Amino acid sequence: MIGENLTTSNPILSAKTINRTFGGLVAVNNVSFTVNKNEIFGLIGPNGAGKTTLFNMITGLIEPSGGQLFYQGEEISFLRPHQIAKAGIARTFQNIRLFGELSALENVTIARHIHTKSGFIRGILGLPPAPSEENRTKQKALELLDLVGLSDRAFQKARNFPYGDQRRLEIARALALEPQVLLLDEPAAGMNPSEKNQLSEFIREIRSQFNLTIILIEHHVPLVMGLCDRIAVLNFGKLIALGDPAQVRTDPAVIEAYLGSE
Amino acid sequence: MNGFLSTYGFLIVSMVMGALLGLSLYLPLMTGQLSLASPGFYALGGYIAAILSTQVFKVSDGLYPIGLVLLEMSIAGVVSGVLGVLVGIPALRLRGIYLAIATIAFVEVLRVLSLNLDITGGAVGIFGIPQPFLTPIEYLWIAIPLLLVTMVLLYRLERIRLGRAFTAIREDELAAGAMGIDPTHYKVLAFTLGAILAGVVGAVSAHFLNTWNARQGTFDASIVYLTSVLIGGTRTFVGPVLGGMVFTALPEVLRAIADTAGLPLWLAQFLRDGRLIIFGVLIVLGTIFFPQGLVTPDLFKRQKNRKSHS
Ligand SMILES: Nc1ncnc2c1ncn2[C@@H]1O[C@H](COP(=O)(O)OP(=O)(O)OP(=O)(O)O)[C@@H](O)[C@H]1O
Ligand SMILES: [Mg+2]
């Protein structure tokens with residue numbers, strides 16, 4: 001099924017000569033690529049290559065200095081973060097940005113915002129449909145916590161979770177948006193080898209269960225190679241390779257970039 | 001009892017008003033915005049009530065009808081709400097200390113305006129504001145229901161979608177945006193709700209204090225209510241309610257202590273006039289040692305757990 005999607009190539013997200021500079025530094029330099037619906041698309045490259053900056057532009061956290069971003073045929077280059085989220089793109093953060101003082105459950109219910117609508121008056125007075133919406137929200141949040149294996153600790157503060165669990169909680173929170181595209185920024189960072197294996201499996205599962213397109217930044221090369229349908233390689237802001245894992249692994253420019261940086 | 005009420009009636013009503021003003025600062029803080037605009041809207045609400053009751057409604061004999069006070073409160077709420085949106089949209093582009101400074105400037109602008117306009121009575125202000133009650137303590141008939149309604153609203157707010165959006169923005173504005181929450185929208189909303197509450201309280205206070213002038217709702221007042229919220233607690237509405245009451249009463253208590261015989265003169269003087277210094281020190285110490293204030297949500301959770309274990 002995935003191969004089919006790839007050959008028919010059904011684009012969902014694309015970047016067209018996208019640029020970002022910080023002062024004199026060119027963090028992302030004329031990068032173009034297209035991500036297809038339902039694929040797991042890897043984004044790799046040495047530290048400081050511009051991977052997170054690319055995510056930040058896609059999710060509206062920072063504006064591109066030049067170029068364009070398209071999502072489902074519409075330009076999204078200058079949308080604000082909440083508009084991007086509403087359009088169907090969710091993300092996790094490299095440096096984990098959970099609502100630390102809030103419980104795991106609250107973290108996920110907050111992310112149901114765009115799928116609920118009861119406002120001030122109905123909410124405060126508990127008029128229909130607010131109470132049933134509230135129940136459904138909680139239900140849905142618990143299901144998602146269950147999916148990432150945290151439902152038994154739903155009422156614990158997010159900041160008290162171990163590192164790996166925080167990363168999983170961030171994924172549950174992103175899934176609560178019911179996104180079309182999920183961006184994961186180094187989801188395996190800080191996990192032990194067995195957690196990393198489980199994570200690979202888990203990412204495949206959520207892709208098929210929620211019919212997701214996933215873009216994944218990851219330094220752990222075996223994980224990326226085993227998981228991704230296609231991989232883009234950035235180095236000093238430039239796209240130096242793009243292809244399936246076998247192609248990328250043998251690409252001289254990639255080998256050069258990785259050996260050169262180590 | 002009657003003696004107590006007539007001696008302390010004024011203070012008790014002031015404490016309830018203090019709790020309400022603490023809550024008006026707490027509302028924008030729910031989205032993490034430190035705004036000191038409340039005294040400005042409080043002053044505005046007071047002028048609206050003062051002008052309406054002395055120049056528009058002009059009830060000559062007997063007690064002033066409570067219905068008209070309620071009408072003035074509603075008008076003050078609406079006007080403050082509209083002004084809240086107008087001020088909030090540009091002001092909330094600023095963050096942290098810059099927002100605080102901008103809101104102090106807003107309060108100053110209103111103060112200078114009220115000093116110079118004819119309709120606000122210039123420096124003298126407006127006096128002889130008609131009384132709907134015979135004694136100060138009876139203002140509790142308005143103040144207590146207002147406080148209860150506000151507390152119920154906030155209790156509910158902290159448990160629904162809207163309150164969750166507020167909390168998310170307070171915890172991490174950037175992450176909240178990534179979760180589909182429009183930070184600007186909710187920050188302006190929270191700011192406006194605080195403005196409405198302050199305006200309504202101002203309207204009642206104008207009657208309660210009988211006169212209204214540019215000394216109402218100044219920077220000094222900001223500091224008192226800021227202390228109420230920062231020391232009382234910034235994470236649950238119970239904090240500012242208790243804080244507002246305690247810190248409204250504190251200067252009176254200090255004054256009473258200052259009057260006890262045998263105190264050194266400098267100490268008595270300090271207790272009487274050192275109000276702002278004491279509040280300042282409390283804010284500094286409080287924010288260092290109790291960053292969330294004294295009353296925190298965890299306090300209630302622990303209480304609940306203890307109950308369920310026993
Ligand atoms: N907000 C910013 N202001 C200034 N420079 C920035 C900013 N964000 C990123 N940079 C710079 O842009 C470059 C790319 O950073 P980016 O975080 O995108 O790299 P990355 O590929 O995600 O690296 P890593 O693997 O270390 O996470 C780096 O040199 C970084 O210092
Ligand atoms: Mg990065």
# chains A, B, ... in the order shown; residues from 1 in each chain; ligands from 1

call {"tool": "select_by_dssp", "arguments": {"residues": "range 28-135 of chain A", "states": "strand (DSSP E or B)", "output": "PyMOL selection string"}}
result
chain A and resi 28-36+40-44+66-71+74-75+89-91+103

call {"tool": "residues_around", "arguments": {"residues": "range 46-54 of chain B", "least_positions_apart": "4", "cutoff": "7 Å", "atoms": "only C-alpha atoms", "output": "ChimeraX atom specification"}}
result
/B:42,58,72,76,120,126,129-130,202-203,205-206,212

call {"tool": "write_last_selection", "arguments": {"atoms": "C-alpha atoms", "output": "PDB file, in the first residue's frame"}}
result
ATOM      1  CA  TYR B  42     -11.776  50.590  38.358  1.00  0.00           C
ATOM      2  CA  LYS B  58     -30.563  62.464  39.955  1.00  0.00           C
ATOM      3  CA  GLU B  72     -24.572  51.670  36.491  1.00  0.00           C
ATOM      4  CA  ALA B  76     -19.492  50.370  33.627  1.00  0.00           C
ATOM      5  CA  THR B 120     -14.925  64.194  36.056  1.00  0.00           C
ATOM      6  CA  ILE B 126     -17.220  64.140  42.171  1.00  0.00           C
ATOM      7  CA  ILE B 129     -22.570  60.341  45.316  1.00  0.00           C
ATOM      8  CA  PRO B 130     -26.004  59.120  46.471  1.00  0.00           C
ATOM      9  CA  GLY B 202     -15.416  50.661  40.511  1.00  0.00           C
ATOM     10  CA  ALA B 203     -19.083  51.475  39.986  1.00  0.00           C
ATOM     11  CA  SER B 205     -17.043  51.599  45.054  1.00  0.00           C
ATOM     12  CA  ALA B 206     -18.024  55.089  43.880  1.00  0.00           C
ATOM     13  CA  TRP B 212     -14.683  59.793  43.474  1.00  0.00           C
TER      14      TRP B 212
END

call {"tool": "residues_near_ligand", "arguments": {"ligand": "ligand 2", "cutoff": "12 Å", "atoms": "only C-alpha atoms and all ligand atoms", "output": "PyMOL selection string"}}
result
chain A and resi 27+43-56+92-96+184-187+189+216-219+234+237

call {"tool": "closest_residue", "arguments": {"among": "A:Thr34, A:Gln156, A:Thr59, A:Asn197", "to": "Leu169 in chain A", "atoms": "only C-alpha atoms"}}
result
A:Gln156

call {"tool": "interface_residues", "arguments": {"of": "chain A", "to": "chain B", "cutoff": "10 Å", "atoms": "only C-alpha atoms", "output": "compact mmCIF listing (two decimals) with N, CA, C and O atoms, in the first residue's frame"}}
result
# COMPACT_ATOMS: atom_id res chain seq x y z
N THR A 59 5.74 24.89 10.72
CA THR A 59 4.70 25.04 11.74
C THR A 59 4.43 26.50 12.11
O THR A 59 3.71 26.76 13.07
N GLY A 60 5.00 27.44 11.37
CA GLY A 60 4.65 28.84 11.56
C GLY A 60 5.32 29.52 12.74
O GLY A 60 4.98 30.66 13.08
N LEU A 61 6.27 28.83 13.38
CA LEU A 61 6.95 29.43 14.53
C LEU A 61 7.90 30.54 14.09
O LEU A 61 8.09 31.53 14.80
N ARG A 80 0.07 31.56 10.95
CA ARG A 80 0.53 31.53 12.34
C ARG A 80 0.41 30.10 12.88
O ARG A 80 -0.33 29.29 12.33
N PRO A 81 1.15 29.80 13.95
CA PRO A 81 1.18 28.41 14.44
C PRO A 81 -0.21 27.80 14.65
O PRO A 81 -0.44 26.65 14.26
N HIS A 82 -1.13 28.56 15.27
CA HIS A 82 -2.43 27.95 15.53
C HIS A 82 -3.20 27.67 14.25
O HIS A 82 -4.02 26.76 14.18
N GLN A 83 -2.93 28.46 13.20
CA GLN A 83 -3.59 28.22 11.92
C GLN A 83 -3.05 26.96 11.25
O GLN A 83 -3.78 26.19 10.64
N ILE A 84 -1.73 26.77 11.39
CA ILE A 84 -1.10 25.56 10.85
C ILE A 84 -1.67 24.32 11.55
O ILE A 84 -2.00 23.32 10.91
N ALA A 85 -1.78 24.43 12.88
CA ALA A 85 -2.30 23.29 13.65
C ALA A 85 -3.72 22.97 13.21
O ALA A 85 -4.09 21.81 13.04
N LYS A 86 -4.50 24.01 13.01
CA LYS A 86 -5.89 23.82 12.59
C LYS A 86 -5.95 23.20 11.19
O LYS A 86 -6.84 22.40 10.90
N ALA A 87 -4.99 23.57 10.35
CA ALA A 87 -4.98 23.04 8.99
C ALA A 87 -4.65 21.55 8.98
O ALA A 87 -4.98 20.85 8.03
N GLY A 88 -4.01 21.05 10.06
CA GLY A 88 -3.76 19.62 10.13
C GLY A 88 -2.31 19.21 10.24
O GLY A 88 -1.94 18.08 9.94
N ILE A 89 -1.45 20.13 10.68
CA ILE A 89 -0.04 19.79 10.88
C ILE A 89 0.28 19.91 12.37
O ILE A 89 0.14 20.97 12.95
N ALA A 90 0.69 18.80 12.97
CA ALA A 90 1.03 18.83 14.40
C ALA A 90 2.50 18.46 14.56
O ALA A 90 3.10 17.90 13.66
N ARG A 91 3.06 18.78 15.72
CA ARG A 91 4.49 18.53 15.90
C ARG A 91 4.83 18.21 17.35
O ARG A 91 4.06 18.46 18.27
N THR A 92 6.04 17.66 17.50
CA THR A 92 6.64 17.57 18.83
C THR A 92 7.90 18.43 18.78
O THR A 92 8.31 18.88 17.71
N PHE A 93 8.51 18.66 19.94
CA PHE A 93 9.65 19.56 20.00
C PHE A 93 10.92 18.82 20.42
O PHE A 93 10.88 17.95 21.29
N ILE A 96 11.45 19.19 24.07
CA ILE A 96 10.21 18.89 24.81
C ILE A 96 9.52 20.12 25.39
O ILE A 96 10.02 20.77 26.31
N ARG A 97 8.37 20.43 24.88
CA ARG A 97 7.63 21.58 25.41
C ARG A 97 6.25 21.14 25.88
O ARG A 97 5.24 21.56 25.36
N LEU A 98 6.25 20.29 26.88
CA LEU A 98 4.98 19.92 27.51
C LEU A 98 4.56 21.05 28.44
O LEU A 98 5.37 21.90 28.79
N PHE A 99 3.30 21.03 28.86
CA PHE A 99 2.85 21.95 29.90
C PHE A 99 3.21 21.28 31.22
O PHE A 99 2.44 20.49 31.78
N GLY A 100 4.43 21.57 31.69
CA GLY A 100 5.05 20.79 32.76
C GLY A 100 4.29 20.74 34.07
O GLY A 100 4.29 19.71 34.74
N GLU A 101 3.64 21.84 34.41
CA GLU A 101 2.94 21.90 35.70
C GLU A 101 1.59 21.19 35.64
O GLU A 101 0.94 21.01 36.67
N LEU A 102 1.17 20.82 34.43
CA LEU A 102 -0.16 20.21 34.28
C LEU A 102 -0.02 18.69 34.17
O LEU A 102 1.04 18.17 33.85
N GLU A 106 -4.35 16.61 31.31
CA GLU A 106 -4.59 18.00 30.92
C GLU A 106 -3.80 18.38 29.67
O GLU A 106 -4.30 19.08 28.80
N ASN A 107 -2.56 17.88 29.58
CA ASN A 107 -1.75 18.16 28.41
C ASN A 107 -2.47 17.71 27.14
O ASN A 107 -2.46 18.41 26.13
N VAL A 108 -3.08 16.54 27.20
CA VAL A 108 -3.73 16.02 25.99
C VAL A 108 -5.09 16.69 25.77
O VAL A 108 -5.43 17.01 24.63
N THR A 109 -5.85 16.95 26.84
CA THR A 109 -7.16 17.59 26.64
C THR A 109 -6.99 18.99 26.05
O THR A 109 -7.79 19.40 25.21
N ILE A 110 -5.95 19.69 26.46
CA ILE A 110 -5.70 21.03 25.89
C ILE A 110 -5.61 20.95 24.37
O ILE A 110 -6.12 21.80 23.66
N ALA A 111 -4.99 19.88 23.89
CA ALA A 111 -4.77 19.75 22.45
C ALA A 111 -6.04 19.33 21.70
O ALA A 111 -6.04 19.20 20.48
N ARG A 112 -7.14 19.14 22.42
CA ARG A 112 -8.43 18.89 21.75
C ARG A 112 -9.11 20.20 21.38
O ARG A 112 -10.24 20.19 20.86
N HIS A 113 -8.45 21.29 21.67
CA HIS A 113 -9.04 22.62 21.48
C HIS A 113 -9.75 22.79 20.14
O HIS A 113 -10.91 23.20 20.09
N ILE A 114 -9.07 22.48 19.05
CA ILE A 114 -9.66 22.78 17.74
C ILE A 114 -10.79 21.83 17.38
O ILE A 114 -11.53 22.09 16.44
N HIS A 115 -10.93 20.75 18.13
CA HIS A 115 -12.02 19.81 17.83
C HIS A 115 -13.19 19.97 18.79
O HIS A 115 -14.10 19.14 18.81
N THR A 116 -13.14 21.00 19.61
CA THR A 116 -14.26 21.29 20.50
C THR A 116 -14.62 22.75 20.27
O THR A 116 -13.86 23.50 19.68
N LYS A 117 -15.81 23.14 20.74
CA LYS A 117 -16.16 24.52 20.42
C LYS A 117 -16.95 25.25 21.50
O LYS A 117 -17.30 26.41 21.32
N SER A 118 -17.27 24.59 22.62
CA SER A 118 -18.12 25.30 23.58
C SER A 118 -17.37 26.52 24.12
O SER A 118 -16.21 26.45 24.49
N GLY A 119 -18.08 27.63 24.14
CA GLY A 119 -17.46 28.91 24.49
C GLY A 119 -17.71 29.27 25.94
O GLY A 119 -17.93 28.41 26.78
N PHE A 120 -17.66 30.55 26.21
CA PHE A 120 -17.70 31.07 27.56
C PHE A 120 -19.01 30.74 28.29
O PHE A 120 -19.01 30.02 29.30
N ILE A 121 -20.13 31.19 27.74
CA ILE A 121 -21.41 31.08 28.44
C ILE A 121 -21.82 29.62 28.64
O ILE A 121 -22.07 29.17 29.76
N ARG A 122 -21.86 28.87 27.55
CA ARG A 122 -22.27 27.47 27.65
C ARG A 122 -21.32 26.68 28.53
O ARG A 122 -21.74 25.82 29.32
N GLY A 123 -20.04 26.97 28.37
CA GLY A 123 -19.04 26.26 29.17
C GLY A 123 -19.22 26.52 30.65
O GLY A 123 -19.28 25.60 31.46
N ILE A 124 -19.35 27.80 31.01
CA ILE A 124 -19.47 28.17 32.41
C ILE A 124 -20.75 27.62 33.02
O ILE A 124 -20.76 27.08 34.12
N LEU A 125 -21.85 27.75 32.28
CA LEU A 125 -23.13 27.32 32.82
C LEU A 125 -23.34 25.81 32.67
O LEU A 125 -24.29 25.26 33.20
N GLY A 126 -22.45 25.16 31.94
CA GLY A 126 -22.59 23.73 31.74
C GLY A 126 -23.83 23.38 30.92
O GLY A 126 -24.46 22.35 31.13
N ALA A 130 -22.08 21.45 26.05
CA ALA A 130 -20.78 21.53 26.71
C ALA A 130 -20.44 20.31 27.58
O ALA A 130 -19.35 19.77 27.47
N PRO A 131 -21.36 19.84 28.46
CA PRO A 131 -20.97 18.72 29.33
C PRO A 131 -20.62 17.45 28.55
O PRO A 131 -19.64 16.78 28.88
N GLU A 133 -19.62 17.30 25.49
CA GLU A 133 -18.36 17.57 24.77
C GLU A 133 -17.18 17.39 25.72
O GLU A 133 -16.16 16.80 25.37
N GLU A 134 -17.37 17.87 26.95
CA GLU A 134 -16.32 17.76 27.97
C GLU A 134 -16.00 16.29 28.25
O GLU A 134 -14.83 15.89 28.32
N THR A 137 -14.16 14.76 25.33
CA THR A 137 -12.77 15.25 25.30
C THR A 137 -11.91 14.43 26.25
O THR A 137 -10.82 13.98 25.89
N ARG A 173 -0.11 14.11 22.74
CA ARG A 173 -0.68 15.46 22.67
C ARG A 173 -0.82 15.90 21.21
O ARG A 173 -1.84 16.47 20.82
N ALA A 174 0.20 15.62 20.40
CA ALA A 174 0.13 16.00 18.99
C ALA A 174 -0.97 15.22 18.27
O ALA A 174 -1.69 15.77 17.44
N ALA A 176 -3.69 14.26 19.49
CA ALA A 176 -5.00 14.77 19.90
C ALA A 176 -5.53 15.81 18.91
O ALA A 176 -6.72 16.07 18.85
N LEU A 177 -4.64 16.41 18.14
CA LEU A 177 -5.07 17.38 17.13
C LEU A 177 -5.67 16.69 15.91
O LEU A 177 -6.17 17.36 15.02

call {"tool": "select_by_dssp", "arguments": {"residues": "range 42-74 of chain A", "states": "alpha helix (DSSP H)", "output": "PyMOL selection string"}}
result
chain A and resi 51-58

call {"tool": "atom_distance", "arguments": {"atom1": "CA of Leu212 in chain A", "atom2": "CA of Leu182 in chain A"}}
result
6.9 Å

call {"tool": "residues_around", "arguments": {"residues": "Thr218 in chain B", "least_positions_apart": "6", "cutoff": "12 Å", "atoms": "only C-alpha atoms", "output": "ChimeraX atom specification"}}
result
/B:36-44,103-112,114,224-225

call {"tool": "write_last_selection", "arguments": {"atoms": "N, CA, C and O atoms", "output": "PDB file, in the first residue's frame"}}
result
ATOM      1  N   LEU B  36      -1.278  45.630  34.919  1.00  0.00           N
ATOM      2  CA  LEU B  36      -1.615  46.465  36.071  1.00  0.00           C
ATOM      3  C   LEU B  36      -2.685  47.476  35.685  1.00  0.00           C
ATOM      4  O   LEU B  36      -2.778  48.557  36.259  1.00  0.00           O
ATOM      5  N   ALA B  37      -3.505  47.106  34.700  1.00  0.00           N
ATOM      6  CA  ALA B  37      -4.505  48.040  34.187  1.00  0.00           C
ATOM      7  C   ALA B  37      -5.742  48.120  35.060  1.00  0.00           C
ATOM      8  O   ALA B  37      -6.514  49.073  34.960  1.00  0.00           O
ATOM      9  N   SER B  38      -5.956  47.126  35.918  1.00  0.00           N
ATOM     10  CA  SER B  38      -7.199  47.073  36.697  1.00  0.00           C
ATOM     11  C   SER B  38      -7.583  48.392  37.372  1.00  0.00           C
ATOM     12  O   SER B  38      -8.731  48.822  37.255  1.00  0.00           O
ATOM     13  N   PRO B  39      -6.653  49.059  38.088  1.00  0.00           N
ATOM     14  CA  PRO B  39      -7.048  50.307  38.742  1.00  0.00           C
ATOM     15  C   PRO B  39      -7.580  51.338  37.758  1.00  0.00           C
ATOM     16  O   PRO B  39      -8.452  52.136  38.114  1.00  0.00           O
ATOM     17  N   GLY B  40      -7.107  51.317  36.524  1.00  0.00           N
ATOM     18  CA  GLY B  40      -7.608  52.246  35.513  1.00  0.00           C
ATOM     19  C   GLY B  40      -9.073  51.986  35.197  1.00  0.00           C
ATOM     20  O   GLY B  40      -9.891  52.909  35.149  1.00  0.00           O
ATOM     21  N   PHE B  41      -9.404  50.708  34.992  1.00  0.00           N
ATOM     22  CA  PHE B  41     -10.796  50.371  34.701  1.00  0.00           C
ATOM     23  C   PHE B  41     -11.675  50.578  35.931  1.00  0.00           C
ATOM     24  O   PHE B  41     -12.842  50.948  35.821  1.00  0.00           O
ATOM     25  N   TYR B  42     -11.080  50.335  37.092  1.00  0.00           N
ATOM     26  CA  TYR B  42     -11.776  50.590  38.358  1.00  0.00           C
ATOM     27  C   TYR B  42     -12.132  52.076  38.455  1.00  0.00           C
ATOM     28  O   TYR B  42     -13.276  52.447  38.738  1.00  0.00           O
ATOM     29  N   ALA B  43     -11.159  52.939  38.161  1.00  0.00           N
ATOM     30  CA  ALA B  43     -11.403  54.379  38.188  1.00  0.00           C
ATOM     31  C   ALA B  43     -12.479  54.756  37.174  1.00  0.00           C
ATOM     32  O   ALA B  43     -13.411  55.511  37.472  1.00  0.00           O
ATOM     33  N   LEU B  44     -12.376  54.194  35.983  1.00  0.00           N
ATOM     34  CA  LEU B  44     -13.346  54.479  34.924  1.00  0.00           C
ATOM     35  C   LEU B  44     -14.754  54.089  35.363  1.00  0.00           C
ATOM     36  O   LEU B  44     -15.704  54.875  35.231  1.00  0.00           O
ATOM     37  N   THR B 103       0.639  49.060  30.848  1.00  0.00           N
ATOM     38  CA  THR B 103      -0.637  49.174  31.547  1.00  0.00           C
ATOM     39  C   THR B 103      -0.565  50.232  32.642  1.00  0.00           C
ATOM     40  O   THR B 103      -1.554  50.909  32.921  1.00  0.00           O
ATOM     41  N   ILE B 104       0.618  50.395  33.248  1.00  0.00           N
ATOM     42  CA  ILE B 104       0.775  51.490  34.220  1.00  0.00           C
ATOM     43  C   ILE B 104       0.586  52.828  33.497  1.00  0.00           C
ATOM     44  O   ILE B 104      -0.081  53.734  33.997  1.00  0.00           O
ATOM     45  N   ALA B 105       1.147  52.913  32.294  1.00  0.00           N
ATOM     46  CA  ALA B 105       0.997  54.145  31.506  1.00  0.00           C
ATOM     47  C   ALA B 105      -0.473  54.406  31.198  1.00  0.00           C
ATOM     48  O   ALA B 105      -0.942  55.551  31.285  1.00  0.00           O
ATOM     49  N   PHE B 106      -1.203  53.344  30.881  1.00  0.00           N
ATOM     50  CA  PHE B 106      -2.632  53.474  30.603  1.00  0.00           C
ATOM     51  C   PHE B 106      -3.363  54.061  31.815  1.00  0.00           C
ATOM     52  O   PHE B 106      -4.184  54.968  31.697  1.00  0.00           O
ATOM     53  N   VAL B 107      -3.031  53.539  32.991  1.00  0.00           N
ATOM     54  CA  VAL B 107      -3.661  54.024  34.224  1.00  0.00           C
ATOM     55  C   VAL B 107      -3.328  55.504  34.428  1.00  0.00           C
ATOM     56  O   VAL B 107      -4.192  56.314  34.791  1.00  0.00           O
ATOM     57  N   GLU B 108      -2.083  55.873  34.153  1.00  0.00           N
ATOM     58  CA  GLU B 108      -1.667  57.269  34.303  1.00  0.00           C
ATOM     59  C   GLU B 108      -2.420  58.184  33.339  1.00  0.00           C
ATOM     60  O   GLU B 108      -2.832  59.284  33.704  1.00  0.00           O
ATOM     61  N   VAL B 109      -2.582  57.708  32.093  1.00  0.00           N
ATOM     62  CA  VAL B 109      -3.303  58.511  31.102  1.00  0.00           C
ATOM     63  C   VAL B 109      -4.719  58.793  31.598  1.00  0.00           C
ATOM     64  O   VAL B 109      -5.198  59.934  31.570  1.00  0.00           O
ATOM     65  N   LEU B 110      -5.382  57.748  32.097  1.00  0.00           N
ATOM     66  CA  LEU B 110      -6.743  57.938  32.600  1.00  0.00           C
ATOM     67  C   LEU B 110      -6.753  58.926  33.776  1.00  0.00           C
ATOM     68  O   LEU B 110      -7.633  59.762  33.894  1.00  0.00           O
ATOM     69  N   ARG B 111      -5.747  58.811  34.639  1.00  0.00           N
ATOM     70  CA  ARG B 111      -5.689  59.675  35.815  1.00  0.00           C
ATOM     71  C   ARG B 111      -5.536  61.143  35.404  1.00  0.00           C
ATOM     72  O   ARG B 111      -6.249  62.013  35.891  1.00  0.00           O
ATOM     73  N   VAL B 112      -4.619  61.372  34.482  1.00  0.00           N
ATOM     74  CA  VAL B 112      -4.391  62.746  34.038  1.00  0.00           C
ATOM     75  C   VAL B 112      -5.637  63.296  33.338  1.00  0.00           C
ATOM     76  O   VAL B 112      -6.032  64.440  33.542  1.00  0.00           O
ATOM     77  N   SER B 114      -8.721  62.419  33.959  1.00  0.00           N
ATOM     78  CA  SER B 114      -9.768  62.691  34.950  1.00  0.00           C
ATOM     79  C   SER B 114      -9.445  63.960  35.738  1.00  0.00           C
ATOM     80  O   SER B 114     -10.337  64.663  36.203  1.00  0.00           O
ATOM     81  N   VAL B 224      -0.975  47.269  45.681  1.00  0.00           N
ATOM     82  CA  VAL B 224      -1.719  46.489  46.676  1.00  0.00           C
ATOM     83  C   VAL B 224      -2.293  45.231  46.037  1.00  0.00           C
ATOM     84  O   VAL B 224      -2.158  44.123  46.564  1.00  0.00           O
ATOM     85  N   TYR B 225      -2.928  45.393  44.854  1.00  0.00           N
ATOM     86  CA  TYR B 225      -3.581  44.231  44.248  1.00  0.00           C
ATOM     87  C   TYR B 225      -2.578  43.284  43.628  1.00  0.00           C
ATOM     88  O   TYR B 225      -2.797  42.072  43.585  1.00  0.00           O
TER      89      TYR B 225
END

call {"tool": "residues_around", "arguments": {"residues": "Ile214 in chain A", "least_positions_apart": "2", "cutoff": "9 Å", "atoms": "only C-alpha atoms", "output": "list of chain:residue names"}}
result
A:Val35, A:Lys37, A:Asn38, A:Glu39, A:Ile40, A:Phe41, A:Gly42, A:Gln180, A:Val181, A:Leu182, A:Leu183, A:Leu184, A:Ile203, A:Arg207, A:Leu212, A:Leu216

call {"tool": "residues_around", "arguments": {"residues": "range 256-262 of chain B", "least_positions_apart": "4", "cutoff": "8 Å", "atoms": "only C-alpha atoms", "output": "NGL selection string"}}
result
:B and (252 or 267-269 or 271-272)

call {"tool": "write_last_selection", "arguments": {"atoms": "N, CA and C atoms", "output": "PDB file, in the first residue's frame"}}
result
ATOM      1  N   GLU B 252      -4.674  48.788  57.672  1.00  0.00           N
ATOM      2  CA  GLU B 252      -5.491  49.152  58.835  1.00  0.00           C
ATOM      3  C   GLU B 252      -4.946  48.491  60.092  1.00  0.00           C
ATOM      4  N   LEU B 267       9.105  53.619  64.575  1.00  0.00           N
ATOM      5  CA  LEU B 267       8.416  52.379  64.202  1.00  0.00           C
ATOM      6  C   LEU B 267       6.938  52.678  63.933  1.00  0.00           C
ATOM      7  N   ALA B 268       6.337  53.459  64.821  1.00  0.00           N
ATOM      8  CA  ALA B 268       4.931  53.821  64.643  1.00  0.00           C
ATOM      9  C   ALA B 268       4.758  54.542  63.306  1.00  0.00           C
ATOM     10  N   GLN B 269       5.695  55.454  63.040  1.00  0.00           N
ATOM     11  CA  GLN B 269       5.665  56.207  61.787  1.00  0.00           C
ATOM     12  C   GLN B 269       5.732  55.269  60.579  1.00  0.00           C
ATOM     13  N   LEU B 271       5.018  52.052  60.467  1.00  0.00           N
ATOM     14  CA  LEU B 271       3.825  51.216  60.336  1.00  0.00           C
ATOM     15  C   LEU B 271       2.688  51.989  59.686  1.00  0.00           C
ATOM     16  N   ARG B 272       2.625  53.303  59.966  1.00  0.00           N
ATOM     17  CA  ARG B 272       1.554  54.118  59.417  1.00  0.00           C
ATOM     18  C   ARG B 272       1.786  54.444  57.941  1.00  0.00           C
TER      19      ARG B 272
END

call {"tool": "atom_distance", "arguments": {"atom1": "CA of Ala195 in chain B", "atom2": "CA of Phe237 in chain B"}}
result
16.2 Å

call {"tool": "residues_around", "arguments": {"residues": "Lys16 in chain A", "least_positions_apart": "2", "cutoff": "6 Å", "atoms": "only C-alpha atoms", "output": "list in words"}}
result
Ile18, Ser32, Gly67 and Gln68 of chain A

call {"tool": "atom_distance", "arguments": {"atom1": "CA of Arg20 in chain A", "atom2": "atom 5 (N, counted along the ligand's line) of ligand 1"}}
result
9.7 Å

call {"tool": "residues_around", "arguments": {"residues": "Val13 in chain B", "least_positions_apart": "4", "cutoff": "7 Å", "atoms": "only C-alpha atoms", "output": "count of residues only"}}
result
5
